[in-house]
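Remarks on the structure that follows.
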Amino acid sequence: MTSSSAASVSSALAPYGWDDAWADEFAPYDTEGLLPGRVIRVDRGQCDVVTADGVLRADTAFVTPHDPMRVVCTGDWVAVEPGGNPRYVRAYLPRRTAFVRSTSSKRSEGQILAANVDHAIVAVPLSVELDLGRIERFLALAWESGAQPLVVLTKADLVPDAVTVAHLVQDVETSAPGVPVVPVSAVDGDGLDVVAAIVAGGTSVLLGQSGAGKSTLANALLGEDVMAVQATRDVDGKGRHTTTTRNLLALPGGGVLIDTPGLRGVGLWDAETGVGQVFSEIEELAERCRFHDCAHEAEPGCAVLAAVEDGDLPERRLHSYRKLMRENQRIVAKTDARLRAEIRKDWKRKGAIGRAAMEAKRGPHWRS
């Protein structure tokens, strides 16, 4: 690539996140005459790629189509053929971050939702009762992806009492240590400047269930009605899938935004580190437990249980932590034979301890 063409590529792709590091990664493909570009939409084996030559339509079949973790996805930087009918994506560059969830498949596969994301915006509507467990689940996946999470409480205008909004923000902050929590109203614009400042200069992905107001928030940040919006049902506050594909859009104030379809199921995928980050106060307490492998259930000297008893740790938080850790362990065990063996061994150990305790309680002659 000549200096002039390199400058042209940089100028055209910089708004989408192109930098010198990506240029270095692409260098081997440049010698093959391929074009660099970023995937802005994937649809049925085809994708739209923004390049210095404009938006190109390309086929993704060349890039391992049968592995859901290795298929081309929105946010990928790719090497695409300059011509051809059909035109093909030849490769994607190594991902800096990847947002992955488990699929509903019995084979326990991971599904990549977005790549090279800097901020994961979890949209939570204030039009319905807060589901703190769901928020914690989204945040675990966000932390595991390598992105910085941000919780946006949408539809804040539906809660006119500022004191109530403040209490709701505090409730979420308790479940999201280290994560900014911003109430936003797309109707009157409150909080939008804060969110725009956070996402400027990077790539952000919008996450949340249907009806969370993701598309409305996307339109507000874009300054125009790019994404279609549908009203939620009054009976339960749920919405229909307004967005059906993941779309990457350049923001006028800098940065790019990936809007995603509403996610009904958000299964963990090898997210132990992410779960630990969400429940960082429990992880810190666990370091003071008497036993290094304490399960925080009934062990003597458990600092976590002591914190619950003293009122320093909400029991709901511990219950949610246990639930997500167990779920993650099951997912990992399906693909890790050694871990499966360790789990079976642990079950047998706990069973033996339980039987021994029961026999001791009943006395030596209870069988006779």
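Simple scheme: letters A, B, ... for chains in structure tokens order, numbers from 1 for residues in each chain, numbers from 1 for ligands in the order shown.
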> Running DSSP on the backbone, which parts of stretch 107-208 of chain A land in strand (DSSP E or B), as a ChimeraX atom specification?
Replying inline: /A:110-115,119-125,148-154,181-183,203-207
Write out as a tab-separated table the residues of stretch 147-171 of chain A that have any atom within 10 Å of an atom of stretch 186-198 of chain A, one row each with the nearest atom pair and its distance in Å to one decimal, counting only C-alpha atoms, sorted by chain and then rising number.
residue	atom	partner	partner_atom	distance
A:Leu150	CA	A:Val195	CA	8.7
A:Val151	CA	A:Val195	CA	9.8
A:Val152	CA	A:Val195	CA	8.0
A:Leu153	CA	A:Gly191	CA	9.5
A:Thr154	CA	A:Ala186	CA	7.7
A:Lys155	CA	A:Ala186	CA	7.0
A:Ala156	CA	A:Asp190	CA	8.3
A:Asp157	CA	A:Val187	CA	7.1
A:Leu158	CA	A:Val187	CA	9.8
>> Rounded to one decimal, what separation in Å do you get between atom CA of A:Asn247 and atom CA of A:Gly17?
In response: 15.1 Å
> atom CA of A:Gly178 to atom CA of A:Val275: how many Å, to one decimal?
Replying inline: 13.1 Å
>> Show me, as a PyMOL selection string, the residues that have an atom within 10 Å of A:Thr203 when counting only C-alpha atoms, minus same-chain residues fewer than 3 positions from it.
In response: chain A and resi 16-17+75+115-120+147+199-200+248-251+254-258
Only N, CA and C atoms, please: the residues just picked out, written as a PDB file, in the first residue's frame.
ATOM      1  N   TYR A  16     -14.408   4.739  12.065  1.00  0.00           N
ATOM      2  CA  TYR A  16     -14.902   3.425  12.474  1.00  0.00           C
ATOM      3  C   TYR A  16     -13.920   2.702  13.407  1.00  0.00           C
ATOM      4  N   GLY A  17     -12.839   3.400  13.790  1.00  0.00           N
ATOM      5  CA  GLY A  17     -11.912   2.828  14.762  1.00  0.00           C
ATOM      6  C   GLY A  17     -10.576   2.361  14.213  1.00  0.00           C
ATOM      7  N   GLY A  75     -18.514  -5.777  13.798  1.00  0.00           N
ATOM      8  CA  GLY A  75     -17.406  -5.219  14.565  1.00  0.00           C
ATOM      9  C   GLY A  75     -16.051  -5.766  14.159  1.00  0.00           C
ATOM     10  N   ALA A 115     -17.675  -7.890  18.092  1.00  0.00           N
ATOM     11  CA  ALA A 115     -16.222  -7.964  18.248  1.00  0.00           C
ATOM     12  C   ALA A 115     -15.614  -6.575  18.340  1.00  0.00           C
ATOM     13  N   ASN A 116     -14.465  -6.515  19.001  1.00  0.00           N
ATOM     14  CA  ASN A 116     -13.670  -5.286  19.108  1.00  0.00           C
ATOM     15  C   ASN A 116     -14.479  -4.145  19.724  1.00  0.00           C
ATOM     16  N   VAL A 117     -15.073  -4.466  20.879  1.00  0.00           N
ATOM     17  CA  VAL A 117     -15.935  -3.516  21.579  1.00  0.00           C
ATOM     18  C   VAL A 117     -15.181  -2.924  22.775  1.00  0.00           C
ATOM     19  N   ASP A 118     -15.295  -1.603  22.952  1.00  0.00           N
ATOM     20  CA  ASP A 118     -14.661  -0.922  24.081  1.00  0.00           C
ATOM     21  C   ASP A 118     -15.629  -0.722  25.249  1.00  0.00           C
ATOM     22  N   HIS A 119     -16.905  -0.476  24.930  1.00  0.00           N
ATOM     23  CA  HIS A 119     -17.914  -0.228  25.961  1.00  0.00           C
ATOM     24  C   HIS A 119     -19.122  -1.130  25.712  1.00  0.00           C
ATOM     25  N   ALA A 120     -19.598  -1.776  26.762  1.00  0.00           N
ATOM     26  CA  ALA A 120     -20.812  -2.589  26.686  1.00  0.00           C
ATOM     27  C   ALA A 120     -21.897  -1.863  27.461  1.00  0.00           C
ATOM     28  N   ALA A 147     -14.583  -5.608  27.544  1.00  0.00           N
ATOM     29  CA  ALA A 147     -15.106  -4.250  27.398  1.00  0.00           C
ATOM     30  C   ALA A 147     -15.407  -3.641  28.767  1.00  0.00           C
ATOM     31  N   VAL A 199     -19.042   7.120  25.261  1.00  0.00           N
ATOM     32  CA  VAL A 199     -18.876   6.245  24.093  1.00  0.00           C
ATOM     33  C   VAL A 199     -18.072   6.887  22.964  1.00  0.00           C
ATOM     34  N   ALA A 200     -17.835   8.182  23.032  1.00  0.00           N
ATOM     35  CA  ALA A 200     -17.082   8.865  21.967  1.00  0.00           C
ATOM     36  C   ALA A 200     -15.663   8.318  21.885  1.00  0.00           C
ATOM     37  N   LEU A 248     -23.661  -1.730  12.915  1.00  0.00           N
ATOM     38  CA  LEU A 248     -22.617  -0.840  13.404  1.00  0.00           C
ATOM     39  C   LEU A 248     -22.787   0.524  12.730  1.00  0.00           C
ATOM     40  N   LEU A 249     -22.915   1.568  13.542  1.00  0.00           N
ATOM     41  CA  LEU A 249     -23.213   2.912  13.041  1.00  0.00           C
ATOM     42  C   LEU A 249     -22.238   3.918  13.618  1.00  0.00           C
ATOM     43  N   ALA A 250     -21.737   4.825  12.783  1.00  0.00           N
ATOM     44  CA  ALA A 250     -20.830   5.876  13.244  1.00  0.00           C
ATOM     45  C   ALA A 250     -21.637   6.967  13.949  1.00  0.00           C
ATOM     46  N   LEU A 251     -21.155   7.392  15.128  1.00  0.00           N
ATOM     47  CA  LEU A 251     -21.839   8.431  15.896  1.00  0.00           C
ATOM     48  C   LEU A 251     -21.327   9.809  15.495  1.00  0.00           C
ATOM     49  N   GLY A 254     -18.416  11.172  17.539  1.00  0.00           N
ATOM     50  CA  GLY A 254     -17.250  10.298  17.631  1.00  0.00           C
ATOM     51  C   GLY A 254     -17.622   8.940  18.184  1.00  0.00           C
ATOM     52  N   GLY A 255     -16.888   7.928  17.766  1.00  0.00           N
ATOM     53  CA  GLY A 255     -17.164   6.569  18.201  1.00  0.00           C
ATOM     54  C   GLY A 255     -18.180   5.894  17.301  1.00  0.00           C
ATOM     55  N   VAL A 256     -18.346   4.606  17.474  1.00  0.00           N
ATOM     56  CA  VAL A 256     -19.335   3.836  16.717  1.00  0.00           C
ATOM     57  C   VAL A 256     -20.181   3.029  17.677  1.00  0.00           C
ATOM     58  N   LEU A 257     -21.385   2.704  17.237  1.00  0.00           N
ATOM     59  CA  LEU A 257     -22.351   2.023  18.085  1.00  0.00           C
ATOM     60  C   LEU A 257     -22.873   0.791  17.373  1.00  0.00           C
ATOM     61  N   ILE A 258     -22.913  -0.352  18.084  1.00  0.00           N
ATOM     62  CA  ILE A 258     -23.508  -1.576  17.567  1.00  0.00           C
ATOM     63  C   ILE A 258     -24.819  -1.801  18.307  1.00  0.00           C
TER      64      ILE A 258
END
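Shortest separation to A:Glu281 among A:Asp293, A:Asp131, A:Asp259, A:Asp312 occurs at residue A:Asp312, atoms counted being only C-alpha atoms.
Atom CA of A:Thr273 lies 20.5 Å from atom CA of A:Phe291.
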>> So that I can check the surroundings of A:Ala52, please list as a PyMOL selection string every protein, DNA and RNA residue that reaches within 12 Å of it, counting only C-alpha atoms and ignoring chain neighbours fewer than 4 positions away.
In response: chain A and resi 5-16+18+34-38+56+80+82
> Which residue, A:Asp48, A:Asp53, A:Glu224, A:Glu315, has the smallest gap to A:Thr74 when you use only C-alpha atoms?
Replying inline: A:Asp48
Quick one: residues within 12 Å of A:Leu305, only C-alpha atoms, excluding same-chain residues fewer than 2 positions away - as a PDB file with C-alpha atoms, in the first residue's frame?
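So around-v8.pdb came out as:
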ATOM      1  CA  ILE A 282     -17.781 -11.424  47.637  1.00  0.00           C
ATOM      2  CA  LEU A 285     -14.550 -11.455  51.470  1.00  0.00           C
ATOM      3  CA  ALA A 286     -13.711 -15.005  50.300  1.00  0.00           C
ATOM      4  CA  ARG A 288     -10.654 -14.071  54.478  1.00  0.00           C
ATOM      5  CA  CYS A 289     -12.467 -17.430  54.706  1.00  0.00           C
ATOM      6  CA  ARG A 290     -10.816 -20.095  56.843  1.00  0.00           C
ATOM      7  CA  CYS A 294     -14.852 -22.480  50.890  1.00  0.00           C
ATOM      8  CA  ALA A 295     -18.195 -22.809  49.070  1.00  0.00           C
ATOM      9  CA  HIS A 296     -19.832 -20.183  51.331  1.00  0.00           C
ATOM     10  CA  GLU A 297     -22.660 -22.535  52.262  1.00  0.00           C
ATOM     11  CA  ALA A 298     -22.135 -23.878  55.798  1.00  0.00           C
ATOM     12  CA  GLU A 299     -18.384 -23.957  56.349  1.00  0.00           C
ATOM     13  CA  PRO A 300     -16.990 -22.738  59.688  1.00  0.00           C
ATOM     14  CA  GLY A 301     -15.000 -19.541  59.486  1.00  0.00           C
ATOM     15  CA  CYS A 302     -16.739 -18.352  56.287  1.00  0.00           C
ATOM     16  CA  ALA A 303     -16.261 -14.600  55.988  1.00  0.00           C
ATOM     17  CA  ALA A 307     -21.027 -10.669  56.195  1.00  0.00           C
ATOM     18  CA  VAL A 308     -24.542 -11.823  55.296  1.00  0.00           C
ATOM     19  CA  GLU A 309     -25.370 -12.453  58.935  1.00  0.00           C
ATOM     20  CA  ASP A 310     -24.046  -9.021  59.923  1.00  0.00           C
ATOM     21  CA  GLY A 311     -26.075  -7.338  57.201  1.00  0.00           C
ATOM     22  CA  ASP A 312     -22.990  -6.126  55.314  1.00  0.00           C
ATOM     23  CA  LEU A 313     -23.747  -8.341  52.292  1.00  0.00           C
ATOM     24  CA  PRO A 314     -27.288  -8.704  50.885  1.00  0.00           C
ATOM     25  CA  GLU A 315     -28.355 -12.343  50.854  1.00  0.00           C
ATOM     26  CA  ARG A 317     -26.234 -10.996  46.099  1.00  0.00           C
ATOM     27  CA  LEU A 318     -24.822 -14.238  47.502  1.00  0.00           C
ATOM     28  CA  HIS A 319     -27.695 -16.243  45.996  1.00  0.00           C
TER      29      HIS A 319
END
Tell me which protein, DNA and RNA residues are within 12 Å of A:Ala61, counting only C-alpha atoms, leaving out same-chain ones fewer than 2 positions away, and put them as a PDB file with N, CA and C atoms, in the first residue's frame.
ATOM      1  N   VAL A  42     -24.131  -8.234   9.436  1.00  0.00           N
ATOM      2  CA  VAL A  42     -24.044  -9.608   8.943  1.00  0.00           C
ATOM      3  C   VAL A  42     -25.462 -10.135   8.782  1.00  0.00           C
ATOM      4  N   ASP A  43     -25.726 -10.784   7.648  1.00  0.00           N
ATOM      5  CA  ASP A  43     -27.078 -11.244   7.388  1.00  0.00           C
ATOM      6  C   ASP A  43     -27.049 -12.465   6.472  1.00  0.00           C
ATOM      7  N   ARG A  44     -27.323 -13.661   7.046  1.00  0.00           N
ATOM      8  CA  ARG A  44     -27.463 -14.895   6.273  1.00  0.00           C
ATOM      9  C   ARG A  44     -26.253 -15.199   5.390  1.00  0.00           C
ATOM     10  N   GLY A  45     -25.092 -15.213   6.009  1.00  0.00           N
ATOM     11  CA  GLY A  45     -23.885 -15.576   5.278  1.00  0.00           C
ATOM     12  C   GLY A  45     -23.298 -14.470   4.438  1.00  0.00           C
ATOM     13  N   GLN A  46     -23.921 -13.318   4.438  1.00  0.00           N
ATOM     14  CA  GLN A  46     -23.409 -12.150   3.728  1.00  0.00           C
ATOM     15  C   GLN A  46     -23.115 -11.059   4.753  1.00  0.00           C
ATOM     16  N   CYS A  47     -22.253 -10.133   4.395  1.00  0.00           N
ATOM     17  CA  CYS A  47     -21.990  -9.021   5.299  1.00  0.00           C
ATOM     18  C   CYS A  47     -21.745  -7.735   4.511  1.00  0.00           C
ATOM     19  N   ALA A  58     -20.197  -8.648   0.799  1.00  0.00           N
ATOM     20  CA  ALA A  58     -19.266  -9.772   0.633  1.00  0.00           C
ATOM     21  C   ALA A  58     -19.828 -11.034   1.273  1.00  0.00           C
ATOM     22  N   ASP A  59     -19.376 -12.169   0.754  1.00  0.00           N
ATOM     23  CA  ASP A  59     -19.774 -13.476   1.266  1.00  0.00           C
ATOM     24  C   ASP A  59     -18.791 -13.897   2.350  1.00  0.00           C
ATOM     25  N   VAL A  63     -14.650 -18.010   5.572  1.00  0.00           N
ATOM     26  CA  VAL A  63     -14.073 -17.931   6.923  1.00  0.00           C
ATOM     27  C   VAL A  63     -14.836 -18.854   7.868  1.00  0.00           C
ATOM     28  N   THR A  64     -14.422 -20.134   7.930  1.00  0.00           N
ATOM     29  CA  THR A  64     -14.925 -21.153   8.856  1.00  0.00           C
ATOM     30  C   THR A  64     -16.390 -20.962   9.208  1.00  0.00           C
ATOM     31  N   PRO A  65     -17.296 -21.286   8.316  1.00  0.00           N
ATOM     32  CA  PRO A  65     -18.697 -20.983   8.550  1.00  0.00           C
ATOM     33  C   PRO A  65     -19.396 -21.867   9.577  1.00  0.00           C
ATOM     34  N   HIS A  66     -18.809 -23.006   9.958  1.00  0.00           N
ATOM     35  CA  HIS A  66     -19.512 -23.947  10.824  1.00  0.00           C
ATOM     36  C   HIS A  66     -19.128 -23.830  12.304  1.00  0.00           C
ATOM     37  N   ASP A  67     -18.265 -22.923  12.652  1.00  0.00           N
ATOM     38  CA  ASP A  67     -17.882 -22.705  14.043  1.00  0.00           C
ATOM     39  C   ASP A  67     -18.438 -21.347  14.471  1.00  0.00           C
ATOM     40  N   ARG A  70     -16.028 -18.600  15.314  1.00  0.00           N
ATOM     41  CA  ARG A  70     -15.042 -18.146  14.342  1.00  0.00           C
ATOM     42  C   ARG A  70     -15.667 -17.539  13.088  1.00  0.00           C
ATOM     43  N   VAL A  71     -16.984 -17.410  13.086  1.00  0.00           N
ATOM     44  CA  VAL A  71     -17.628 -16.775  11.946  1.00  0.00           C
ATOM     45  C   VAL A  71     -17.400 -15.262  12.009  1.00  0.00           C
ATOM     46  N   VAL A  72     -17.514 -14.623  10.875  1.00  0.00           N
ATOM     47  CA  VAL A  72     -17.414 -13.165  10.828  1.00  0.00           C
ATOM     48  C   VAL A  72     -18.610 -12.568  11.559  1.00  0.00           C
ATOM     49  N   PRO A  86     -19.327 -13.853  -6.630  1.00  0.00           N
ATOM     50  CA  PRO A  86     -19.436 -12.971  -5.457  1.00  0.00           C
ATOM     51  C   PRO A  86     -18.067 -12.539  -4.935  1.00  0.00           C
ATOM     52  N   ARG A  87     -18.067 -11.509  -4.150  1.00  0.00           N
ATOM     53  CA  ARG A  87     -16.868 -11.023  -3.467  1.00  0.00           C
ATOM     54  C   ARG A  87     -16.789 -11.740  -2.107  1.00  0.00           C
ATOM     55  N   TYR A  88     -15.578 -12.100  -1.666  1.00  0.00           N
ATOM     56  CA  TYR A  88     -15.434 -12.856  -0.431  1.00  0.00           C
ATOM     57  C   TYR A  88     -14.604 -12.109   0.616  1.00  0.00           C
ATOM     58  N   VAL A  89     -14.984 -12.310   1.892  1.00  0.00           N
ATOM     59  CA  VAL A  89     -14.108 -11.958   3.005  1.00  0.00           C
ATOM     60  C   VAL A  89     -13.090 -13.080   3.126  1.00  0.00           C
ATOM     61  N   ARG A  90     -11.807 -12.753   3.076  1.00  0.00           N
ATOM     62  CA  ARG A  90     -10.769 -13.786   3.104  1.00  0.00           C
ATOM     63  C   ARG A  90     -10.293 -14.109   4.522  1.00  0.00           C
ATOM     64  N   ALA A  91     -10.399 -13.143   5.441  1.00  0.00           N
ATOM     65  CA  ALA A  91      -9.947 -13.365   6.819  1.00  0.00           C
ATOM     66  C   ALA A  91     -10.427 -12.206   7.684  1.00  0.00           C
TER      67      ALA A  91
END
>> I need the residue nearest A:Pro125 from this list: A:Thr31, A:Thr51, A:Asn219, A:Ser185. Use only C-alpha atoms for the distance.
In response: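 For A:Pro125, the nearest of the given residues is A:Ser185.
Of the listed residues A:Met69, A:Ala79, A:Val169, A:Leu113, the one whose atoms come nearest to A:Leu207 is A:Leu113, with distances taken using only C-alpha atoms.
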